[in-house]
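The structure appears right after this line, and notes come after that.
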Amino acid sequence: MKKMTGIAVASLLVLSGCAKQQPVHSLVTEQAPEPQPVAQQAPEQQSSPFVASAPEQSSSSSFGEDRASNIQQCRKELDAMRLYSQASFDSYQAEFQKIGAQTNKYLQVKDSIGADINDLVMPRYQFQIRELCFRIKTRLSQLIIRQAG
């Protein structure tokens with residue numbers, strides 16, 4: 001019995017020495033870094049509840065500009081929704097303002113809290129606005145298609 005256990009252990013050691021360790025690829029580190037500002041308000045978009053936040057890195061400035069233009073587009077689509085359904089507009093408008101108020105509150109304390117907390121919280125705010133804008137775009141598309149059909 002001891003001989004069989006010894007042979008099993010020896011063969012495991014030999015086999016483990018032959019195994020080639022695969023390189024570890026992290027999906028997190030290989031992706032482009034997420035832009036740090038949650039939302040930027042355009043000068044002409046005074047009704048938007050989102051405040052401007054300066055990009056932390058020069059490479060993220062284009063991301064910040066993209067985010068600002070995405071929020072502007074989202075706001076335009078929300079305004080267009082008013083022509084098709086006032087009830088839908090009111091609902092999404094209230095949600096847009098709520099997310100904007102929450103984001104502004106966070107941005108006021110962002111520089112006062114640690115990077116570890118910011119790393120946890122920032123993606124949540126970014127997701128909220130992206131998800132809302134997606135739902136606005138989807139609802140507007142449905143309303144326009146319904147009218148055309």
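Note on naming: chains are A, B, ... as they come in the structure tokens, residues start from 1 per chain, ligands start from 1 in the order shown.
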Check which residues of stretch 107-149 of chain A sit at most 12 Å from stretch 61-72 of chain A using only C-alpha atoms, and return one row each with the closest pair of atoms and their distance in Å to one decimal, ordered by chain and rising number, as a tab-separated table.
```
residue	atom	partner	partner_atom	distance
A:Gln126	CA	A:Arg67	CA	9.6
A:Phe127	CA	A:Arg67	CA	11.9
A:Gln128	CA	A:Ile71	CA	11.9
A:Ile129	CA	A:Ile71	CA	8.1
A:Arg130	CA	A:Ile71	CA	8.5
A:Glu131	CA	A:Ile71	CA	11.5
A:Leu132	CA	A:Ile71	CA	10.3
A:Cys133	CA	A:Ile71	CA	7.7
A:Phe134	CA	A:Asn70	CA	10.5
A:Ile136	CA	A:Ile71	CA	11.4
A:Lys137	CA	A:Asn70	CA	11.4
```
Given the selection you just returned, output its residues as a file containing N, CA, C and O atoms, formatted as a short mmCIF file (atom, residue, chain, number, x, y, z; two decimals), in the first residue's frame.
```cif
data_model
loop_
_atom_site.label_atom_id
_atom_site.label_comp_id
_atom_site.auth_asym_id
_atom_site.auth_seq_id
_atom_site.Cartn_x
_atom_site.Cartn_y
_atom_site.Cartn_z
N GLN A 126 -21.49 55.61 -13.92
CA GLN A 126 -21.33 55.54 -15.36
C GLN A 126 -22.36 54.58 -15.97
O GLN A 126 -22.95 54.88 -17.00
N PHE A 127 -22.57 53.46 -15.31
CA PHE A 127 -23.55 52.49 -15.81
C PHE A 127 -24.96 53.07 -15.78
O PHE A 127 -25.73 52.87 -16.73
N GLN A 128 -25.30 53.76 -14.71
CA GLN A 128 -26.66 54.29 -14.59
C GLN A 128 -27.03 55.18 -15.76
O GLN A 128 -28.11 55.03 -16.33
N ILE A 129 -26.14 56.08 -16.14
CA ILE A 129 -26.49 57.00 -17.22
C ILE A 129 -26.48 56.28 -18.56
O ILE A 129 -27.34 56.52 -19.41
N ARG A 130 -25.54 55.36 -18.76
CA ARG A 130 -25.52 54.61 -20.03
C ARG A 130 -26.78 53.77 -20.18
O ARG A 130 -27.37 53.69 -21.26
N GLU A 131 -27.18 53.13 -19.10
CA GLU A 131 -28.36 52.27 -19.14
C GLU A 131 -29.62 53.09 -19.39
O GLU A 131 -30.48 52.71 -20.18
N LEU A 132 -29.73 54.25 -18.74
CA LEU A 132 -30.89 55.12 -18.96
C LEU A 132 -30.92 55.60 -20.41
O LEU A 132 -31.98 55.58 -21.04
N CYS A 133 -29.79 56.02 -20.93
CA CYS A 133 -29.74 56.50 -22.31
C CYS A 133 -30.12 55.39 -23.29
O CYS A 133 -30.80 55.64 -24.29
N PHE A 134 -29.71 54.18 -23.00
CA PHE A 134 -30.10 53.05 -23.85
C PHE A 134 -31.62 52.85 -23.82
O PHE A 134 -32.25 52.66 -24.86
N ILE A 136 -33.87 55.13 -23.13
CA ILE A 136 -34.48 56.26 -23.82
C ILE A 136 -34.45 56.04 -25.32
O ILE A 136 -35.45 56.22 -26.02
N LYS A 137 -33.30 55.64 -25.83
CA LYS A 137 -33.14 55.39 -27.27
C LYS A 137 -34.10 54.28 -27.73
O LYS A 137 -34.76 54.40 -28.76
#
```
Notebook entry, point to check: Distance atom CA of A:Phe96-atom CA of A:Ser141, one decimal place?
Noted result: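 These two atoms are separated by 18.0 Å.
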Hey, what's within 10 Å of A:Leu78 if we count only C-alpha atoms and toss same-chain stuff fewer than 3 positions away? As a PDB file with C-alpha atoms, in the first residue's frame, please?
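Printed below is selection36.pdb as written:
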```pdb
ATOM      1  CA  GLN A  72     -26.027  65.503 -25.254  1.00  0.00           C
ATOM      2  CA  GLN A  73     -27.396  63.002 -27.773  1.00  0.00           C
ATOM      3  CA  CYS A  74     -29.298  61.243 -25.003  1.00  0.00           C
ATOM      4  CA  ARG A  75     -30.793  64.563 -23.913  1.00  0.00           C
ATOM      5  CA  MET A  81     -39.650  61.771 -27.076  1.00  0.00           C
ATOM      6  CA  ARG A  82     -41.891  64.590 -25.850  1.00  0.00           C
ATOM      7  CA  LEU A  83     -43.387  64.857 -29.358  1.00  0.00           C
ATOM      8  CA  SER A  88     -42.904  58.551 -21.450  1.00  0.00           C
ATOM      9  CA  PHE A  89     -41.030  61.846 -21.584  1.00  0.00           C
ATOM     10  CA  ASP A  90     -42.116  62.774 -18.053  1.00  0.00           C
ATOM     11  CA  TYR A  92     -37.640  59.376 -18.325  1.00  0.00           C
ATOM     12  CA  GLN A  93     -37.113  63.070 -17.552  1.00  0.00           C
ATOM     13  CA  PHE A  96     -32.668  61.584 -15.854  1.00  0.00           C
ATOM     14  CA  CYS A 133     -29.743  56.501 -22.311  1.00  0.00           C
ATOM     15  CA  ILE A 136     -34.479  56.265 -23.823  1.00  0.00           C
ATOM     16  CA  LYS A 137     -33.141  55.388 -27.265  1.00  0.00           C
ATOM     17  CA  ARG A 139     -38.356  53.735 -26.189  1.00  0.00           C
ATOM     18  CA  LEU A 140     -38.023  56.570 -28.704  1.00  0.00           C
TER      19      LEU A 140
END
```
